[in-house]
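Undergrad: After the structure tokens below, expect a handful of questions from me.
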Amino acid sequence: MTSRLFTNIGSLVTNDPTLDRGPLGVLENAAFVVEQGRIIWVGAASQAPASDRCIDVGGRAVLPGFVESHSHLVFAGDRSHEFAARMEGKPYEAGGIRTTIEATRAASAAELELNTRSLMQEYTRAGATTIEVKTGYGQSAESELKSVQVAAACTDEVTLLAAHVAPPEYRDKHDEYVQMVVDTMIPECAPYASWIDVFCERGAFSEDESRAVLQAGTAAGLKARVHGNQLTYGAGVQLAVELGAASVDHVVYLTDADVDALANSSTVATVLPGADFSTRGTYPDARRLLDAGATVALGADCNPGTSFTTSIPFCIALAVRDLHMSPDEAVWAATAGGAAALGRTDIGAITVGARADVLALEAPNHLHLAYRPGVPLVAGVWKDGQTVVPLNEEDN
Ligand code: NIG
Ligand code: FE
């Protein structure tokens with residue numbers, strides 16, 4: 001059993017509220033020890049216990065690895081032209097998803113897995129140590145099964161989004177599509193997934209259709225999460241809260257009742273500003289959610305349509321600049337918040353017992369993530385205590 005001491009840390013974000021240093025629990029002159037993939041000690045560097053190996057992080061800031069709770073990585077094809085058209089004034093409509101459905105259906109599982117893994121590598125390089133991956137571009141029994149198997153080969157956090165948008169052949173037969181999701185796709189795909197999701201939105205699925213999908217998913221042993229209130233006001237938030245979903249994502253168009261419902265529930269509100277940025281849409285009012293007492297998570301939502309970015313640091317910068325979150329709130333939302341959105345208590349913090357999923361920044365503290373937008377500041381990443389992005393100085 002080899003123990004590793006991380007030391008010479010510029011500032012350490014622990015996300016430990018018991019330290020009485022705010023929600024981020026920032027420590028100066030701190031160190032921590034990792035053994036068998038877990039954090040076994042955190043404290044003042046001067047009191048660090050003897051360890052087998054030492055990782056000197058050279059005065060850099062160290063944070064919990066980012067927890068991405070919302071991504072759509074199982075896809076094929078390219079929609080850069082749709083993006084360019086949007087930038088010339090064409091509005092975003094969920095219908096663009098159908099372009100990706102066609103390409104994804106035509107791709108082999110091996111091609112999809114290669115693309116998924118390469119995007120996950122991008123995410124990791126930018127500091128993400130846990131990545132939830134959704135299906136949602138198959139939208140047929142065969143292609144959703146292929147997609148969920150690909151996702152399961154790549155991550156432990158797999159979400160079945162069989163009800164993303166009704167595919168072209170069911171455009172005028174939504175009820176039949178929902179029936180197929182409930183009767184065929186959920187039973188066949190559930191063994192490969194942990195989560196059931198639905199796009200509850202005008203142009204995608206109605207409140208009743210969404211409820212039917214989520215209930216069938218939970219009856220099959222999956223936990224619920226919802227895409228809601230992204231493009232218009234709607235039932236997504238209330239439905240998520242009613243069904244005890246772990247998270248409702250996008251949350252752009254919210255009534256006072258929606259905000260109240262989130263503030264008085266355990267359902268996390270996940271903001272995905274990369275999508276609003278790349279659709280030139282309205283940003284969610286994260287300030288209103290936070291001030292009301294809701295738990296807010298932040299993700300990059302990598303997908304080929306609305307947010308083709310794997311950079312959580314970029315989304316932290318957006319959250320601070322445009323969602324009026326403080327840098328501390330944004331960093332919490334991208335780490336502990338993402339963990340909460342996935343119902344996880346073993347990740348998103350640097351505390352005794354947590355998984356040793358951590359990152360080091362080419363910066364003295366976490367504020368630089370928002371202060372230096374677009375700069376690739378992540379200099380080292382460790383998952384379960386294993387190096388995944390080596391620091392220059394680290395001897396491996
Ligand atoms: O998270 N909201 C729906 N789903 C994706 C977009 C999918 C697409 O346009 O391909 C999202 O924004
Ligand atoms: Fe999404």
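Lettering and numbering for the structure tokens are positional, with chains as A, B, ... in the shown order, residues counted from 1 in each chain, and ligands counted from 1 in the shown order.
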List every residue of chain A that has an atom at most 6 Å from any atom of ligand 1, giving for each one its closest atom pair and the distance in Å to one decimal, counting only C-alpha atoms and all ligand atoms, sorted by chain and then by ascending residue number, as a tab-separated table.

TA:
```
residue	atom	partner	partner_atom_place_in_ligand_line	distance
A:Ala94	CA	ligand 1	9 (O)	5.5
A:Gly96	CA	ligand 1	9 (O)	5.5
A:Ile97	CA	ligand 1	10 (O)	4.1
A:Ala275	CA	ligand 1	12 (O)	5.6
A:Asp301	CA	ligand 1	1 (O)	5.8
A:Asn303	CA	ligand 1	10 (O)	5.9
A:Pro304	CA	ligand 1	10 (O)	5.4
A:Gly305	CA	ligand 1	9 (O)	3.6
A:Thr306	CA	ligand 1	9 (O)	4.9
```

Undergrad: Selected residues, C-alpha atoms, written as a PDB file, in the first residue's frame, please.

TA:
```pdb
ATOM      1  CA  ALA A  94     -34.529  21.262 -30.808  1.00  0.00           C
ATOM      2  CA  GLY A  96     -31.466  19.985 -35.105  1.00  0.00           C
ATOM      3  CA  ILE A  97     -31.152  16.915 -32.896  1.00  0.00           C
ATOM      4  CA  ALA A 275     -25.645  25.911 -24.323  1.00  0.00           C
ATOM      5  CA  ASP A 301     -23.275  19.916 -21.516  1.00  0.00           C
ATOM      6  CA  ASN A 303     -23.177  17.930 -27.295  1.00  0.00           C
ATOM      7  CA  PRO A 304     -22.912  18.546 -31.046  1.00  0.00           C
ATOM      8  CA  GLY A 305     -25.905  20.897 -31.207  1.00  0.00           C
ATOM      9  CA  THR A 306     -26.004  23.479 -28.475  1.00  0.00           C
TER      10      THR A 306
END
```

Undergrad: Which residues are close to A:Thr104, i.e. within 7 Å by only C-alpha atoms, leaving aside same-chain residues fewer than 6 positions away? Reply as a PyMOL selection string.

TA: chain A and resi 75-76+137-138

Undergrad: Using only C-alpha atoms and all ligand atoms, which residues of the polymer chains come no farther than 8 Å from ligand 2? I'd like the answer as a PyMOL selection string.

TA: chain A and resi 70-72+199+227+249-250+301-303

Undergrad: Residues as selected, N, CA and C atoms, written as a tab-separated table (two decimals), in the first residue's frame, can you do that?

TA:
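Saved result, selection.tsv, follows:
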```tsv
chain	number	residue	atom	x	y	z
A	70	HIS	N	-23.71	16.38	-16.86
A	70	HIS	CA	-24.60	16.49	-18.02
A	70	HIS	C	-23.78	16.53	-19.31
A	71	SER	N	-23.72	15.40	-20.02
A	71	SER	CA	-23.07	15.44	-21.33
A	71	SER	C	-23.77	14.48	-22.29
A	72	HIS	N	-23.67	14.80	-23.56
A	72	HIS	CA	-24.27	13.95	-24.62
A	72	HIS	C	-23.14	13.56	-25.56
A	199	PHE	N	-36.43	15.03	-22.25
A	199	PHE	CA	-36.39	16.45	-22.64
A	199	PHE	C	-37.84	16.93	-22.59
A	227	HIS	N	-34.35	17.23	-18.39
A	227	HIS	CA	-34.02	18.45	-19.13
A	227	HIS	C	-35.27	19.32	-19.05
A	249	ASP	N	-32.18	20.20	-15.39
A	249	ASP	CA	-31.04	20.84	-16.06
A	249	ASP	C	-31.48	21.85	-17.12
A	250	HIS	N	-30.73	22.92	-17.18
A	250	HIS	CA	-30.92	24.11	-18.03
A	250	HIS	C	-31.58	25.23	-17.22
A	301	ASP	N	-22.24	20.39	-20.58
A	301	ASP	CA	-23.28	19.92	-21.52
A	301	ASP	C	-22.71	19.65	-22.91
A	302	CYS	N	-21.54	19.01	-22.97
A	302	CYS	CA	-20.98	18.81	-24.32
A	302	CYS	C	-21.94	18.01	-25.19
A	303	ASN	N	-22.32	18.59	-26.30
A	303	ASN	CA	-23.18	17.93	-27.30
A	303	ASN	C	-22.95	18.63	-28.63
```

Undergrad: What lies within 9 Å of A:Met120 using only C-alpha atoms, ignoring chain neighbours under 6 positions off, as an NGL selection string?

TA: :A and (73 or 128 or 131 or 154 or 310)

Undergrad: How many Å lie between atom CA of A:Ala294 and atom CA of A:Ser265, rounded to one decimal?

TA: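 Result for atom CA of A:Ala294 versus atom CA of A:Ser265: 7.9 Å, one decimal.
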
Undergrad: Fewer than 5 positions away in the same chain doesn't count, so skip those; otherwise give me all residues within 8 Å of A:Ile312, counting only C-alpha atoms, as an MDAnalysis selection string.

TA: chainID A and resid 66 68 123 126:128 299:300 334

Undergrad: Which residue is closest to A:Ser80? Choose from A:Val251, A:Ser266, A:Thr129, A:Phe308 and count only C-alpha atoms.

TA: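 Ranking A:Val251, A:Ser266, A:Thr129, A:Phe308 by distance to A:Ser80, first place goes to A:Phe308.
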
Undergrad: List every residue of stretch 209-318 of chain A that DSSP, applied to the backbone, labels as helix (DSSP H, G or I), and write the result as an NGL selection string.

TA: :A and (209-219 or 236-242 or 256-263 or 273-278 or 286-292 or 312-318)

Undergrad: I need the strand (DSSP E or B) residues of stretch 198-362 of chain A per DSSP on the backbone, written as a ChimeraX atom specification.

TA: /A:198-200,205,223-224,226-228,247-250,268-271,296-298,303,307,355,358-361

Undergrad: I'd like the interatomic distance between atom CA of A:Val181 and atom CA of A:Ala141, to a tenth of an Å.

TA: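 Straight-line distance from atom CA of A:Val181 to atom CA of A:Ala141 works out to 7.8 Å.
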
Undergrad: Determine, counting only C-alpha atoms, which protein, DNA and RNA residues have an atom within 10 Å of an atom of A:Leu359; residues of the same chain fewer than 2 positions away are not included. Present the result as a short mmCIF file (atom, residue, chain, number, x, y, z; two decimals) with C-alpha atoms, in the first residue's frame.

TA:
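Produced file result_34.cif, reproduced below:
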```cif
data_model
loop_
_atom_site.label_atom_id
_atom_site.label_comp_id
_atom_site.auth_asym_id
_atom_site.auth_seq_id
_atom_site.Cartn_x
_atom_site.Cartn_y
_atom_site.Cartn_z
CA ARG A 60 -0.25 25.61 -7.51
CA ALA A 61 -3.87 25.65 -6.43
CA VAL A 62 -5.45 22.23 -5.90
CA LEU A 63 -9.19 21.55 -6.18
CA PRO A 64 -11.50 18.54 -6.31
CA GLY A 65 -11.78 17.30 -9.90
CA PHE A 66 -14.74 18.75 -11.79
CA THR A 124 -10.29 15.09 -18.41
CA ARG A 125 -7.55 17.29 -19.82
CA ALA A 126 -9.68 20.25 -18.71
CA GLY A 127 -10.07 18.85 -15.19
CA ALA A 128 -13.18 16.65 -15.17
CA THR A 129 -12.73 13.44 -13.17
CA ALA A 356 -8.76 11.11 -4.54
CA ASP A 357 -10.10 12.87 -7.65
CA LEU A 361 -4.08 24.61 -11.62
CA VAL A 378 -5.42 22.67 -15.57
CA ALA A 379 -1.85 21.41 -15.07
CA GLY A 380 -2.37 18.02 -13.42
CA VAL A 381 -5.26 15.62 -12.81
CA TRP A 382 -5.52 12.53 -10.59
CA LYS A 383 -8.44 10.10 -10.50
CA THR A 387 -2.21 10.28 -12.39
CA VAL A 388 -4.29 10.95 -15.50
CA VAL A 389 -2.72 14.27 -16.52
CA LEU A 391 2.29 17.60 -13.72
#
```

Undergrad: Restricting the calculation to only C-alpha atoms, which member of A:His324, A:Thr351, A:Ser311, A:Glu201 is positioned closest to A:Tyr283?

TA: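 Of all the options, A:His324 lies closest to A:Tyr283.
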
Undergrad: Which residues of stretch 254-368 of chain A sit at most 10 Å from stretch 19-43 of chain A, using only C-alpha atoms? Give each one's shortest atom pair and distance in Å (one decimal place), in chain and ascending residue order, as CSV.

TA:
```
residue,atom,partner,partner_atom,distance
A:Asp328,CA,A:Leu24,CA,6.7
A:Glu329,CA,A:Leu24,CA,8.3
A:Val331,CA,A:Leu24,CA,8.1
A:Trp332,CA,A:Leu24,CA,6.4
A:Thr335,CA,A:Leu24,CA,9.8
A:Ala336,CA,A:Leu24,CA,9.0
A:Asp346,CA,A:Arg38,CA,9.3
A:Ile347,CA,A:Arg38,CA,10.0
A:Ala349,CA,A:Leu24,CA,8.9
A:Ile350,CA,A:Ile39,CA,7.0
A:Thr351,CA,A:Ile39,CA,6.4
A:Val352,CA,A:Ile40,CA,5.0
A:Gly353,CA,A:Ile39,CA,5.5
A:Ala354,CA,A:Ile39,CA,5.6
A:Arg355,CA,A:Arg38,CA,4.4
A:Ala356,CA,A:Arg38,CA,4.8
A:Asp357,CA,A:Gly37,CA,8.3
A:Asn365,CA,A:Val26,CA,9.3
A:His366,CA,A:Val26,CA,9.4
```

Undergrad: Can you tell me which residues surround A:Ile316 at a distance of at most 6 Å, considering only C-alpha atoms, apart from same-chain residues fewer than 3 positions away, and format the answer as a tab-separated table (two decimals) with C-alpha atoms, in the first residue's frame?

TA:
```
chain	number	residue	atom	x	y	z
A	313	PRO	CA	-13.27	26.12	-16.79
A	319	ALA	CA	-21.17	31.46	-14.85
A	330	ALA	CA	-19.16	28.63	-9.64
```

Undergrad: Can you pull out every residue within 7 Å of stretch 156-170 of chain A, counting only C-alpha atoms, but drop anything in the same chain fewer than 4 positions away, and send it as a PDB file with C-alpha atoms, in the first residue's frame?

TA:
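Below you can see selection-v4.pdb, which holds the result:
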```
ATOM      1  CA  ARG A  98     -32.618  14.897 -35.781  1.00  0.00           C
ATOM      2  CA  ILE A 131     -18.403  12.465 -16.493  1.00  0.00           C
ATOM      3  CA  GLU A 132     -22.031  11.523 -16.843  1.00  0.00           C
ATOM      4  CA  VAL A 133     -22.864  10.443 -20.406  1.00  0.00           C
ATOM      5  CA  LYS A 134     -26.343  10.390 -21.946  1.00  0.00           C
ATOM      6  CA  THR A 135     -27.736   8.507 -24.881  1.00  0.00           C
ATOM      7  CA  GLY A 136     -30.326  10.400 -26.907  1.00  0.00           C
ATOM      8  CA  GLN A 139     -34.077   7.269 -30.702  1.00  0.00           C
ATOM      9  CA  GLU A 144     -30.549   3.520 -28.098  1.00  0.00           C
ATOM     10  CA  VAL A 148     -26.312   2.931 -23.932  1.00  0.00           C
ATOM     11  CA  ALA A 151     -21.849   4.854 -22.763  1.00  0.00           C
ATOM     12  CA  ALA A 152     -21.607   2.001 -20.251  1.00  0.00           C
ATOM     13  CA  HIS A 174     -45.651  10.885 -30.327  1.00  0.00           C
ATOM     14  CA  TYR A 177     -43.019   6.691 -29.645  1.00  0.00           C
ATOM     15  CA  VAL A 181     -39.804   4.001 -24.968  1.00  0.00           C
ATOM     16  CA  ALA A 193     -27.804   2.729 -17.171  1.00  0.00           C
ATOM     17  CA  SER A 194     -28.258   4.336 -13.748  1.00  0.00           C
ATOM     18  CA  TRP A 195     -30.384   7.290 -14.836  1.00  0.00           C
ATOM     19  CA  ILE A 196     -33.507   8.048 -16.847  1.00  0.00           C
ATOM     20  CA  ASP A 197     -33.792  11.514 -18.422  1.00  0.00           C
ATOM     21  CA  VAL A 198     -36.366  13.204 -20.660  1.00  0.00           C
ATOM     22  CA  PHE A 199     -36.395  16.450 -22.639  1.00  0.00           C
ATOM     23  CA  ALA A 204     -39.794  17.586 -27.534  1.00  0.00           C
TER      24      ALA A 204
END
```
